[in-house]
>>> print(open('coords_25.txt').read())   # compact mmCIF, C-alpha atoms and all ligand atoms
# COMPACT_ATOMS: atom_id res chain seq x y z
CA MET A 1 -5.38 52.55 52.58
CA HIS A 2 -3.65 54.02 49.53
CA SER A 3 -2.05 57.43 50.20
CA SER A 4 -2.04 59.92 47.34
CA PRO A 5 0.42 62.85 47.12
CA GLN A 6 -2.47 65.12 48.20
CA ASP A 7 -3.01 62.94 51.25
CA GLU A 8 0.66 63.11 52.14
CA GLN A 9 0.56 66.88 51.79
CA PHE A 10 -2.50 66.91 54.04
CA ARG A 11 -0.54 64.85 56.58
CA ARG A 12 2.36 67.27 56.56
CA THR A 13 0.01 70.23 56.98
CA ILE A 14 -1.79 68.86 60.04
CA ARG A 15 1.44 67.51 61.55
CA GLU A 16 3.12 70.91 61.28
CA TRP A 17 0.05 72.72 62.56
CA LEU A 18 -0.10 70.49 65.63
CA ALA A 19 3.63 70.86 66.29
CA ASP A 20 3.34 74.66 66.04
CA ASN A 21 0.18 74.96 68.12
CA LEU A 22 0.40 72.36 70.87
CA THR A 23 2.80 74.68 72.62
CA GLY A 24 2.72 77.34 75.35
CA HIS A 25 -0.18 76.82 77.74
CA PHE A 26 -1.67 74.14 75.45
CA ALA A 27 1.41 71.93 75.92
CA ALA A 28 0.30 71.16 79.48
CA LEU A 29 -2.83 69.52 78.09
CA ARG A 30 -0.96 66.68 76.39
CA ASP A 31 -2.71 63.32 76.87
CA ALA A 32 -5.42 64.84 79.11
CA GLY A 33 -8.92 63.41 79.08
CA GLY A 34 -8.66 59.75 77.99
CA PRO A 35 -11.17 56.99 78.87
CA GLY A 36 -12.41 57.45 82.43
CA ARG A 37 -10.51 60.77 82.61
CA GLU A 38 -13.09 63.01 80.94
CA HIS A 39 -13.02 65.32 83.99
CA GLU A 40 -9.41 66.28 83.34
CA ALA A 41 -8.68 69.88 82.30
CA HIS A 42 -12.14 70.47 80.84
CA ALA A 43 -11.75 74.24 80.52
CA GLY A 44 -8.30 73.91 78.98
CA ARG A 45 -9.45 71.26 76.54
CA LEU A 46 -12.43 73.41 75.58
CA ALA A 47 -10.07 76.30 74.80
CA TRP A 48 -7.85 73.95 72.77
CA ASN A 49 -10.86 72.63 70.83
CA ARG A 50 -11.93 76.19 70.00
CA HIS A 51 -8.40 76.90 68.85
CA LEU A 52 -8.58 73.84 66.57
CA ALA A 53 -11.96 75.03 65.30
CA ALA A 54 -10.71 78.52 64.52
CA ALA A 55 -8.11 76.93 62.25
CA GLY A 56 -10.72 74.70 60.59
CA TRP A 57 -9.64 71.43 62.24
CA THR A 58 -13.07 70.34 63.45
CA CYS A 59 -15.85 68.59 61.50
CA LEU A 60 -13.41 67.55 58.79
CA GLY A 61 -15.78 65.13 57.06
CA TRP A 62 -18.71 67.58 56.87
CA PRO A 63 -19.41 69.10 53.46
CA PRO A 64 -17.88 72.60 53.02
CA GLU A 65 -21.35 74.17 52.67
CA HIS A 66 -22.02 73.05 56.25
CA GLY A 67 -18.73 74.38 57.61
CA GLY A 68 -16.60 71.26 57.19
CA ARG A 69 -13.62 70.53 54.94
CA GLY A 70 -15.29 67.82 52.88
CA ALA A 71 -12.29 65.66 53.83
CA THR A 72 -12.14 62.17 52.37
CA LEU A 73 -12.16 59.13 54.64
CA ALA A 74 -8.40 58.76 54.07
CA GLN A 75 -7.82 62.36 55.16
CA GLN A 76 -9.98 61.93 58.25
CA VAL A 77 -7.91 58.88 59.20
CA ILE A 78 -4.72 60.86 58.63
CA PHE A 79 -6.03 63.68 60.82
CA TYR A 80 -6.83 61.29 63.66
CA GLU A 81 -3.47 59.52 63.31
CA GLU A 82 -1.54 62.77 63.49
CA TYR A 83 -3.78 64.06 66.28
CA ALA A 84 -3.15 60.94 68.37
CA ARG A 85 0.58 60.91 67.64
CA SER A 86 0.97 64.54 68.65
CA GLY A 87 -0.39 63.74 72.14
CA ALA A 88 -3.14 66.36 71.76
CA PRO A 89 -5.82 66.08 74.46
CA ALA A 90 -9.13 64.22 74.08
CA ARG A 91 -11.70 66.34 72.28
CA VAL A 92 -14.73 67.76 74.10
CA GLY A 93 -17.20 68.39 71.27
CA TYR A 94 -17.37 64.77 70.13
CA LEU A 95 -21.14 64.24 70.51
CA GLY A 96 -22.07 67.32 68.49
CA GLU A 97 -19.37 66.91 65.89
CA GLU A 98 -19.57 63.17 65.29
CA LEU A 99 -23.20 62.33 66.08
CA LEU A 100 -25.64 65.23 65.99
CA GLY A 101 -23.93 67.21 63.22
CA PRO A 102 -24.06 64.37 60.65
CA THR A 103 -27.65 63.63 61.72
CA LEU A 104 -28.66 67.25 61.14
CA ILE A 105 -26.88 67.28 57.79
CA ALA A 106 -28.90 64.21 56.78
CA PHE A 107 -32.28 65.02 58.33
CA GLY A 108 -32.34 68.64 59.59
CA THR A 109 -34.13 71.56 57.99
CA PRO A 110 -32.00 74.35 56.49
CA ALA A 111 -33.00 76.52 59.48
CA GLN A 112 -31.86 73.84 61.96
CA GLN A 113 -28.61 73.38 60.07
CA ALA A 114 -27.97 77.13 60.04
CA ARG A 115 -28.78 77.45 63.75
CA PHE A 116 -26.83 74.47 65.10
CA LEU A 117 -24.00 73.43 62.79
CA PRO A 118 -21.83 76.58 63.14
CA PRO A 119 -21.70 76.48 66.96
CA ILE A 120 -20.96 72.75 66.86
CA ALA A 121 -18.09 73.34 64.42
CA ALA A 122 -16.82 76.25 66.54
CA VAL A 123 -17.19 74.14 69.74
CA GLU A 124 -19.32 76.93 71.19
CA GLU A 125 -22.22 74.61 72.09
CA LEU A 126 -21.80 71.15 73.59
CA TRP A 127 -24.34 68.34 73.24
CA CYS A 128 -25.48 65.24 75.04
CA GLN A 129 -27.61 62.33 73.85
CA GLY A 130 -30.81 61.60 75.78
CA TYR A 131 -31.92 58.21 74.50
CA SER A 132 -31.66 55.72 77.39
CA GLU A 133 -34.15 55.68 80.24
CA PRO A 134 -34.46 53.49 83.34
CA GLY A 135 -36.95 51.32 81.40
CA ALA A 136 -35.49 51.74 77.92
CA GLY A 137 -31.88 50.79 77.20
CA SER A 138 -31.36 47.92 74.78
CA ASP A 139 -35.09 48.06 74.26
CA LEU A 140 -34.92 51.69 73.22
CA ALA A 141 -38.37 51.68 71.61
CA ALA A 142 -39.81 51.49 75.15
CA VAL A 143 -39.01 55.20 75.68
CA SER A 144 -41.62 56.79 77.94
CA THR A 145 -40.44 60.41 78.18
CA THR A 146 -43.23 62.50 76.66
CA ALA A 147 -43.40 65.80 74.84
CA ARG A 148 -46.63 67.65 74.14
CA LEU A 149 -47.21 70.85 72.21
CA ASP A 150 -48.25 73.85 74.27
CA GLY A 151 -48.74 76.76 71.88
CA ASP A 152 -45.56 76.94 69.88
CA GLU A 153 -43.45 75.01 72.39
CA TRP A 154 -42.85 71.37 73.27
CA VAL A 155 -43.15 70.55 76.96
CA VAL A 156 -40.91 67.61 77.89
CA THR A 157 -41.44 65.35 80.90
CA GLY A 158 -39.55 62.22 81.86
CA GLN A 159 -36.21 60.80 82.93
CA LYS A 160 -33.13 59.92 80.94
CA VAL A 161 -30.19 57.99 82.34
CA TRP A 162 -26.55 57.22 81.51
CA THR A 163 -26.44 60.56 79.66
CA SER A 164 -22.76 61.12 78.90
CA LEU A 165 -21.30 64.58 79.51
CA ALA A 166 -24.71 66.09 80.39
CA VAL A 167 -23.12 68.27 83.06
CA GLU A 168 -21.24 70.29 80.46
CA ALA A 169 -23.85 70.09 77.71
CA ASP A 170 -25.77 73.14 76.46
CA TRP A 171 -28.26 71.05 74.48
CA CYS A 172 -29.64 67.53 74.57
CA VAL A 173 -31.07 65.29 71.85
CA VAL A 174 -34.18 63.88 73.49
CA LEU A 175 -36.01 60.89 72.09
CA ALA A 176 -39.56 61.49 73.32
CA ARG A 177 -43.05 60.15 72.77
CA THR A 178 -45.03 62.90 71.05
CA GLU A 179 -48.12 60.87 70.16
CA PRO A 180 -50.04 59.99 73.31
CA GLY A 181 -50.94 56.27 73.47
CA SER A 182 -48.44 55.33 70.74
CA ARG A 183 -46.27 52.27 71.19
CA ARG A 184 -42.72 51.20 70.39
CA GLY A 185 -40.97 53.12 67.59
CA ALA A 186 -44.14 54.72 66.29
CA GLY A 187 -45.00 58.12 67.76
CA LEU A 188 -41.46 59.03 68.88
CA SER A 189 -39.81 62.30 67.91
CA TYR A 190 -36.19 63.47 67.89
CA LEU A 191 -36.21 66.74 69.84
CA LEU A 192 -33.47 69.28 70.50
CA VAL A 193 -33.83 70.61 74.04
CA PRO A 194 -31.79 73.34 75.77
CA MET A 195 -30.21 72.05 78.97
CA ARG A 196 -29.79 75.30 80.85
CA GLN A 197 -33.36 75.92 81.96
CA GLN A 198 -35.45 75.42 85.07
CA GLY A 199 -37.18 72.23 83.96
CA VAL A 200 -33.92 70.28 83.54
CA THR A 201 -32.03 68.68 86.44
CA VAL A 202 -28.75 66.82 85.95
CA ARG A 203 -27.49 64.43 88.60
CA PRO A 204 -24.02 62.95 88.04
CA ILE A 205 -23.66 59.20 88.62
CA ARG A 206 -20.41 58.10 90.25
CA GLN A 207 -18.78 55.35 88.22
CA LEU A 208 -16.16 52.66 88.91
CA THR A 209 -13.49 55.15 87.88
CA GLY A 210 -14.56 57.43 90.75
CA THR A 211 -15.62 60.05 88.19
CA SER A 212 -18.94 60.81 86.53
CA GLU A 213 -18.84 60.56 82.76
CA PHE A 214 -22.58 59.92 82.73
CA ASN A 215 -25.60 61.34 84.52
CA GLU A 216 -29.28 61.10 85.25
CA VAL A 217 -31.26 63.86 83.51
CA PHE A 218 -34.75 64.80 84.68
CA PHE A 219 -37.11 66.78 82.44
CA ASP A 220 -39.88 68.31 84.46
CA GLY A 221 -41.89 70.48 82.10
CA ALA A 222 -38.75 71.50 80.19
CA ARG A 223 -39.48 73.57 77.11
CA THR A 224 -38.19 73.78 73.60
CA HIS A 225 -39.51 75.57 70.52
CA GLY A 226 -41.98 73.73 68.27
CA SER A 227 -39.50 73.82 65.39
CA MET A 228 -36.91 71.79 67.34
CA VAL A 229 -37.91 68.42 65.87
CA VAL A 230 -35.43 66.72 63.54
CA GLY A 231 -37.27 64.82 60.79
CA GLU A 232 -41.03 64.59 60.93
CA VAL A 233 -42.97 64.62 64.19
CA GLY A 234 -43.54 60.93 65.04
CA ASP A 235 -40.64 59.78 62.83
CA GLY A 236 -37.93 60.08 65.49
CA TRP A 237 -37.23 56.37 65.59
CA ARG A 238 -35.80 56.45 62.06
CA VAL A 239 -33.64 59.48 62.87
CA ALA A 240 -32.46 58.01 66.18
CA ARG A 241 -31.45 54.76 64.52
CA ALA A 242 -29.48 56.66 61.90
CA THR A 243 -27.54 58.43 64.67
CA LEU A 244 -26.82 55.04 66.27
CA ALA A 245 -25.46 53.69 62.98
CA ILE A 246 -23.15 56.72 62.77
CA GLU A 247 -22.10 56.15 66.40
CA ARG A 248 -21.13 52.56 65.63
CA GLY A 249 -19.53 53.41 62.28
CA VAL A 250 -17.57 56.37 61.06
CA ALA A 251 -17.51 58.05 64.49
CA THR A 252 -15.24 55.25 65.75
CA LEU A 253 -12.34 56.33 63.53
CA GLY A 254 -10.83 58.77 66.00
CA GLN A 255 -11.30 56.34 68.83
CA GLN A 256 -9.36 53.62 67.02
CA VAL A 257 -6.40 55.87 66.50
CA GLY A 258 -6.54 56.57 70.24
CA PHE A 259 -6.28 52.80 70.73
CA GLU A 260 -3.06 52.76 68.74
CA ARG A 261 -1.62 55.35 71.05
CA GLU A 262 -2.74 53.40 74.12
CA LEU A 263 -1.11 50.24 72.79
CA GLY A 264 2.11 52.15 72.08
CA ARG A 265 2.15 53.45 75.66
CA LEU A 266 1.48 49.97 76.96
CA VAL A 267 4.47 48.60 75.04
CA ASP A 268 6.61 51.33 76.66
CA LEU A 269 5.23 50.37 80.07
CA ALA A 270 6.04 46.70 79.45
CA ARG A 271 9.62 47.69 78.70
CA GLN A 272 9.85 49.77 81.87
CA THR A 273 8.32 47.22 84.24
CA GLY A 274 10.18 44.27 82.69
CA ALA A 275 6.81 42.61 81.95
CA GLY A 276 7.81 42.63 78.28
CA GLU A 277 10.26 39.81 79.05
CA ASP A 278 7.46 37.53 80.19
CA PRO A 279 6.61 35.24 77.24
CA LEU A 280 2.90 35.20 78.04
CA ILE A 281 2.71 38.99 78.20
CA ARG A 282 4.70 39.27 74.97
CA ASP A 283 2.27 36.87 73.38
CA ARG A 284 -0.71 38.98 74.46
CA ILE A 285 0.93 42.22 73.33
CA GLY A 286 1.59 40.63 69.94
CA ARG A 287 -2.03 39.53 69.74
CA ALA A 288 -3.20 43.02 70.68
CA TRP A 289 -1.13 44.48 67.88
CA ILE A 290 -2.53 41.98 65.36
CA GLY A 291 -6.04 42.64 66.68
CA LEU A 292 -5.60 46.35 66.15
CA GLU A 293 -4.32 45.85 62.60
CA ALA A 294 -7.33 43.64 61.84
CA LEU A 295 -9.68 46.15 63.42
CA ARG A 296 -8.21 48.95 61.38
CA ALA A 297 -8.40 47.06 58.10
CA HIS A 298 -11.98 46.06 58.82
CA ALA A 299 -12.95 49.60 59.77
CA LEU A 300 -11.49 51.12 56.62
CA ARG A 301 -13.07 48.50 54.38
CA THR A 302 -16.49 48.80 56.03
CA LEU A 303 -16.51 52.58 56.23
CA ALA A 304 -15.31 53.02 52.67
CA ALA A 305 -18.18 50.81 51.52
CA ASP A 306 -20.79 52.19 53.87
CA SER A 307 -19.95 55.59 55.25
CA GLY A 308 -23.46 56.72 56.13
CA PRO A 309 -26.51 55.54 57.98
CA GLY A 310 -27.80 52.37 56.41
CA PRO A 311 -29.15 48.91 57.00
CA GLY A 312 -25.81 47.01 56.78
CA THR A 313 -24.24 45.16 59.69
CA GLY A 314 -20.77 46.72 59.26
CA PRO A 315 -21.25 49.13 62.19
CA SER A 316 -22.36 46.26 64.46
CA GLU A 317 -19.35 44.18 63.45
CA LEU A 318 -17.04 47.10 64.18
CA LYS A 319 -18.65 47.76 67.54
CA LEU A 320 -18.18 44.11 68.55
CA LEU A 321 -14.57 44.03 67.40
CA TRP A 322 -13.39 47.20 69.07
CA SER A 323 -15.27 46.77 72.35
CA ARG A 324 -13.71 43.36 73.09
CA TRP A 325 -10.30 44.51 71.84
CA HIS A 326 -10.31 47.51 74.16
CA GLN A 327 -11.45 45.53 77.19
CA GLU A 328 -8.66 43.02 76.61
CA LEU A 329 -6.18 45.90 76.37
CA GLY A 330 -7.37 47.13 79.78
CA GLU A 331 -6.91 43.63 81.24
CA LEU A 332 -3.46 43.35 79.68
CA ALA A 333 -2.51 46.74 81.13
CA MET A 334 -3.35 45.49 84.63
CA ASP A 335 -1.07 42.47 84.13
CA VAL A 336 1.73 44.61 82.72
CA LEU A 337 1.46 46.92 85.74
CA GLY A 338 1.55 43.90 88.06
CA ALA A 339 0.99 44.30 91.79
CA PRO A 340 0.63 48.13 91.67
CA SER A 341 -2.53 47.64 89.59
CA MET A 342 -4.26 46.32 92.73
CA ALA A 343 -4.12 49.53 94.77
CA ALA A 344 -5.08 53.15 94.29
CA ARG A 345 -2.17 55.50 93.66
CA GLY A 346 -3.27 57.73 96.52
CA ALA A 347 -6.04 58.02 99.09
CA PRO A 348 -8.96 57.89 98.95
CA TYR A 349 -9.38 56.85 95.31
CA ASP A 350 -6.72 58.42 93.15
CA LEU A 351 -6.39 55.96 90.29
CA HIS A 352 -3.60 55.48 87.83
CA ASP A 353 -4.53 56.26 84.19
CA TRP A 354 -4.22 52.54 83.35
CA GLN A 355 -6.60 51.62 86.15
CA ARG A 356 -9.09 54.15 84.83
CA LEU A 357 -8.76 52.74 81.34
CA PHE A 358 -9.29 49.20 82.64
CA LEU A 359 -12.35 50.18 84.67
CA PHE A 360 -13.91 52.45 82.05
CA SER A 361 -13.46 49.84 79.32
CA ARG A 362 -15.93 47.60 81.16
CA ALA A 363 -18.53 49.94 79.65
CA ASP A 364 -17.31 49.43 76.08
CA THR A 365 -19.45 46.32 75.60
CA ILE A 366 -22.53 48.23 76.83
CA TYR A 367 -22.73 51.76 75.44
CA GLY A 368 -23.67 52.47 71.84
CA GLY A 369 -25.65 49.20 72.00
CA SER A 370 -24.46 46.16 73.97
CA ASP A 371 -22.56 43.25 72.43
CA GLU A 372 -25.61 41.00 72.74
CA ILE A 373 -27.70 43.48 70.76
CA GLN A 374 -25.04 43.74 68.03
CA ARG A 375 -24.91 39.95 67.72
CA THR A 376 -28.69 39.85 67.37
CA ILE A 377 -28.51 42.44 64.58
CA ILE A 378 -25.90 40.34 62.77
CA ALA A 379 -27.84 37.11 63.34
CA GLU A 380 -31.02 38.59 61.92
CA ARG A 381 -29.78 40.90 59.18
CA ALA A 382 -26.61 39.22 57.92
CA LEU A 383 -27.38 35.57 58.62
CA GLY A 384 -31.14 35.57 58.16
CA LEU A 385 -31.76 33.73 61.44
CA PRO A 386 -35.30 33.91 62.89
CA ARG A 387 -36.13 37.26 64.45
CA GLN A 388 -35.83 37.42 68.23
CA ALA A 389 -39.17 37.74 70.03
CA ARG A 390 -39.76 41.46 70.73
CA ALA A 391 -41.47 42.91 73.78
C1 LIG B 401 -20.35 54.64 79.73
C2 LIG B 401 -21.74 54.70 79.17
C3 LIG B 401 -22.15 55.84 78.52
C4 LIG B 401 -23.46 55.93 78.00
N1 LIG B 401 -23.85 57.10 77.41
C5 LIG B 401 -25.13 57.22 76.98
C6 LIG B 401 -25.59 58.45 76.45
O1 LIG B 401 -24.84 59.42 76.34
N2 LIG B 401 -26.88 58.55 76.08
C7 LIG B 401 -27.75 57.50 76.18
O2 LIG B 401 -28.90 57.65 75.79
N3 LIG B 401 -27.34 56.32 76.69
C8 LIG B 401 -26.06 56.16 77.10
N4 LIG B 401 -25.63 54.97 77.62
C9 LIG B 401 -26.60 53.91 77.80
C10 LIG B 401 -26.40 52.69 76.92
O3 LIG B 401 -26.78 52.95 75.59
C11 LIG B 401 -27.21 51.56 77.56
O4 LIG B 401 -26.59 51.25 78.79
C12 LIG B 401 -27.27 50.33 76.70
O5 LIG B 401 -28.05 50.57 75.56
C13 LIG B 401 -27.85 49.13 77.48
O6 LIG B 401 -29.06 49.47 78.10
P1 LIG B 401 -29.29 49.17 79.66
O7 LIG B 401 -28.15 49.77 80.41
O8 LIG B 401 -30.66 49.64 79.99
O9 LIG B 401 -29.20 47.60 79.83
P2 LIG B 401 -30.33 46.56 79.50
O10 LIG B 401 -30.98 46.88 78.21
O11 LIG B 401 -31.21 46.41 80.69
O12 LIG B 401 -29.48 45.25 79.30
C14 LIG B 401 -28.94 44.50 80.40
C15 LIG B 401 -28.22 43.29 79.82
O13 LIG B 401 -29.18 42.45 79.13
C16 LIG B 401 -28.76 42.25 77.79
N5 LIG B 401 -29.94 42.27 76.91
C17 LIG B 401 -30.91 43.19 76.90
N6 LIG B 401 -31.82 42.91 75.95
C18 LIG B 401 -31.37 41.80 75.31
C19 LIG B 401 -31.87 41.02 74.22
N7 LIG B 401 -32.98 41.38 73.57
N8 LIG B 401 -31.16 39.93 73.84
C20 LIG B 401 -30.02 39.59 74.48
N9 LIG B 401 -29.51 40.29 75.55
C21 LIG B 401 -30.17 41.38 75.95
C22 LIG B 401 -27.85 43.42 77.46
O14 LIG B 401 -26.95 43.10 76.45
C23 LIG B 401 -27.16 43.65 78.79
O15 LIG B 401 -26.08 42.74 78.94
C24 LIG B 401 -24.34 54.84 78.14
C25 LIG B 401 -23.92 53.67 78.79
C26 LIG B 401 -22.63 53.60 79.29
C27 LIG B 401 -22.22 52.34 79.99
>>> encode(input="coords_25.txt", output="structure tokens")
Amino acid sequence: MHSSPQDEQFRRTIREWLADNLTGHFAALRDAGGPGREHEAHAGRLAWNRHLAAAGWTCLGWPPEHGGRGATLAQQVIFYEEYARSGAPARVGYLGEELLGPTLIAFGTPAQQARFLPPIAAVEELWCQGYSEPGAGSDLAAVSTTARLDGDEWVVTGQKVWTSLAVEADWCVVLARTEPGSRRGAGLSYLLVPMRQQGVTVRPIRQLTGTSEFNEVFFDGARTHGSMVVGEVGDGWRVARATLAIERGVATLGQQVGFERELGRLVDLARQTGAGEDPLIRDRIGRAWIGLEALRAHALRTLAADSGPGPGTGPSELKLLWSRWHQELGELAMDVLGAPSMAARGAPYDLHDWQRLFLFSRADTIYGGSDEIQRTIIAERALGLPRQARA
């Protein structure tokens, strides 16, 4: 991507800010909280994120009238590059900042925007995404959680599952059926529900990494105000799909820069272990580097052309490319580590960061829509193949 003098100035500003601020007690947070390590230093990372926010380094791409910087795509990429290079810890407000915020900017009422965007930008309220259910994952339109109006409040009943970061979340986006007897996408609404109330129970699910990035969430008569519907009542399917397109598109920018850092660390590891002398490992590292360059070029081209929710297949292509790339990086890391990759670092299940990355990356081809679902989208929308039979 072409870098203008303004972009280069922007790069210097963020680089200097990070160098000046990732110091003192924040210095200990370097590299904390990568894939499968979301439990690490949560309180410290929250404080760091609020510090970033106070200096205006959150929600960069949001328009200034909504509390962002109105940063261009190039500047957002620069921010993520410098952020990753500085070793700053993984961010905690991702779901609000990257998914709900842009959705509210596109579909929310002025009152919803005024209520929710400032605390997202300030990292004062954390969010989780309650789409998936035991009977509705890839087939998301099968959602059966219900919400009915009781006076001026919605009463929500049902179960969500695989809800990332629900333990820390203050609010949840709940896709719920608000029209009794409706089917599929019709009759669903996109509700904002407070998590800290009696009718909400969160049960962490232990994952391969030994930690619990995701959870079961039970809504048993949970309440939220009648005004907490984004978009029209019954039109939640359209809003939910827009959030998914954002999740597979522009929200992946930061993640990809994280990949660059992971690959850099893996090259260092290969030097240390001597694995870098093995011609087959060198070959795979070279391929990983080329894959990342291709991924980056594709992301920038797609996002520049299609930076918002839309019908294109660019987000699906990106999702497919990065998910396989990252899984292969995890597999390569295990081979670079060699025999030590086979055992926990300590009893009973203290895993090395590379082991966590390898194990967590198994989920990359599932969350945000599985690879099979992305290929179906491409087959139908880009290639015009016959539509798959729907339930
Ligand atoms: C780490 C992680 C974090 C997650 N975080 C969240 C979250 O925060 N909020 C949330 O709502 N959800 C979350 N999810 C859930 C995720 O979106 C679902 O797991 C995903 O959509 C798949 O749904 P499922 O697990 O029910 O699998 P299923 O839909 O049952 O699919 C099982 C397998 O069948 C394949 N399959 C299904 N249907 C088809 C088809 N029509 N054609 C071809 N193949 C098909 C799938 O590709 C998959 O391989 C998360 C998942 C993971 C792994």
>>> closest_residue(input="coords_25.txt", among="A:Trp162, A:Trp237, A:Tyr94, A:Phe358", to="ligand LIG 401 (chain B)", atoms="all atoms listed in the file")
A:Trp162
>>> residues_near_ligand(input="coords_25.txt", ligand="ligand LIG 401 (chain B)", cutoff="9 Å", atoms="all atoms listed in the file", output="number ranges by chain")
A: 36, 95, 128-140, 160-166, 173-175, 207, 213-215, 360-376, 388-391
>>> residues_near_point(input="coords_25.txt", point="(-2.1, 76.8, 77.5)", cutoff="12 Å", atoms="only C-alpha atoms", output="number ranges by chain")
A: 21-30, 41, 43-49, 51, 88-89
>>> closest_residue(input="coords_25.txt", among="A:Tyr349, A:Phe219, A:Trp127, A:Phe107", to="Val202 in chain A", atoms="all atoms listed in the file")
A:Phe219
>>> atom_distance(input="coords_25.txt", atom1="CA of Arg37 in chain A", atom2="CA of Thr211 in chain A")
7.6 Å
>>> closest_residue(input="coords_25.txt", among="A:Leu318, A:Leu100, A:Leu126, A:Val336", to="Ala270 in chain A", atoms="all atoms listed in the file")
A:Val336
>>> closest_residue(input="coords_25.txt", among="A:Pro5, A:Gly199, A:Pro110, A:Gly312", to="Arg248 in chain A", atoms="all atoms listed in the file")
A:Gly312
>>> closest_residue(input="coords_25.txt", among="A:Asp235, A:Glu293, A:Glu216, A:Asp335", to="Gly274 in chain A", atoms="all atoms listed in the file")
A:Asp335
>>> build_atoms(input="coords_25.txt", residues="range 8-13 of chain A", atoms="all heavy atoms", output="JSON list (two decimals), keeping the file's coordinate frame")
[["chain", "number", "residue", "atom", "x", "y", "z"],
["A", 8, "GLU", "N", -0.61, 62.91, 51.43],
["A", 8, "GLU", "CA", 0.66, 63.11, 52.14],
["A", 8, "GLU", "C", 0.89, 64.59, 52.46],
["A", 8, "GLU", "O", 1.39, 64.94, 53.52],
["A", 8, "GLU", "CB", 1.83, 62.52, 51.34],
["A", 8, "GLU", "CG", 1.86, 61.00, 51.39],
["A", 8, "GLU", "CD", 1.67, 60.45, 52.81],
["A", 8, "GLU", "OE1", 2.35, 60.91, 53.76],
["A", 8, "GLU", "OE2", 0.81, 59.55, 53.00],
["A", 9, "GLN", "N", 0.46, 65.44, 51.54],
["A", 9, "GLN", "CA", 0.56, 66.88, 51.79],
["A", 9, "GLN", "C", -0.36, 67.26, 52.96],
["A", 9, "GLN", "O", 0.02, 68.05, 53.84],
["A", 9, "GLN", "CB", 0.17, 67.66, 50.52],
["A", 9, "GLN", "CG", 0.15, 69.17, 50.69],
["A", 9, "GLN", "CD", 1.51, 69.70, 51.19],
["A", 9, "GLN", "OE1", 2.57, 69.27, 50.72],
["A", 9, "GLN", "NE2", 1.47, 70.61, 52.17],
["A", 10, "PHE", "N", -1.54, 66.67, 52.96],
["A", 10, "PHE", "CA", -2.50, 66.91, 54.04],
["A", 10, "PHE", "C", -1.86, 66.48, 55.38],
["A", 10, "PHE", "O", -1.95, 67.19, 56.38],
["A", 10, "PHE", "CB", -3.78, 66.11, 53.74],
["A", 10, "PHE", "CG", -4.87, 66.28, 54.74],
["A", 10, "PHE", "CD1", -5.74, 67.37, 54.67],
["A", 10, "PHE", "CD2", -5.06, 65.36, 55.77],
["A", 10, "PHE", "CE1", -6.76, 67.54, 55.59],
["A", 10, "PHE", "CE2", -6.07, 65.52, 56.70],
["A", 10, "PHE", "CZ", -6.93, 66.61, 56.60],
["A", 11, "ARG", "N", -1.18, 65.33, 55.34],
["A", 11, "ARG", "CA", -0.54, 64.85, 56.58],
["A", 11, "ARG", "C", 0.52, 65.84, 57.07],
["A", 11, "ARG", "O", 0.59, 66.16, 58.25],
["A", 11, "ARG", "CB", 0.11, 63.48, 56.32],
["A", 11, "ARG", "CG", 0.68, 62.84, 57.59],
["A", 11, "ARG", "CD", 1.40, 61.52, 57.31],
["A", 11, "ARG", "NE", 0.53, 60.44, 56.87],
["A", 11, "ARG", "CZ", -0.27, 59.73, 57.66],
["A", 11, "ARG", "NH1", -0.31, 59.98, 58.95],
["A", 11, "ARG", "NH2", -1.02, 58.76, 57.17],
["A", 12, "ARG", "N", 1.32, 66.33, 56.15],
["A", 12, "ARG", "CA", 2.36, 67.27, 56.56],
["A", 12, "ARG", "C", 1.73, 68.54, 57.15],
["A", 12, "ARG", "O", 2.19, 69.07, 58.15],
["A", 12, "ARG", "CB", 3.25, 67.65, 55.36],
["A", 12, "ARG", "CG", 4.32, 66.61, 55.04],
["A", 12, "ARG", "CD", 5.34, 67.16, 54.06],
["A", 12, "ARG", "NE", 4.77, 67.41, 52.74],
["A", 12, "ARG", "CZ", 4.60, 66.46, 51.80],
["A", 12, "ARG", "NH1", 4.97, 65.23, 52.04],
["A", 12, "ARG", "NH2", 4.06, 66.76, 50.63],
["A", 13, "THR", "N", 0.64, 68.99, 56.52],
["A", 13, "THR", "CA", 0.01, 70.23, 56.98],
["A", 13, "THR", "C", -0.51, 70.08, 58.41],
["A", 13, "THR", "O", -0.23, 70.93, 59.27],
["A", 13, "THR", "CB", -1.18, 70.60, 56.05],
["A", 13, "THR", "OG1", -0.70, 70.62, 54.72],
["A", 13, "THR", "CG2", -1.77, 71.94, 56.40]]
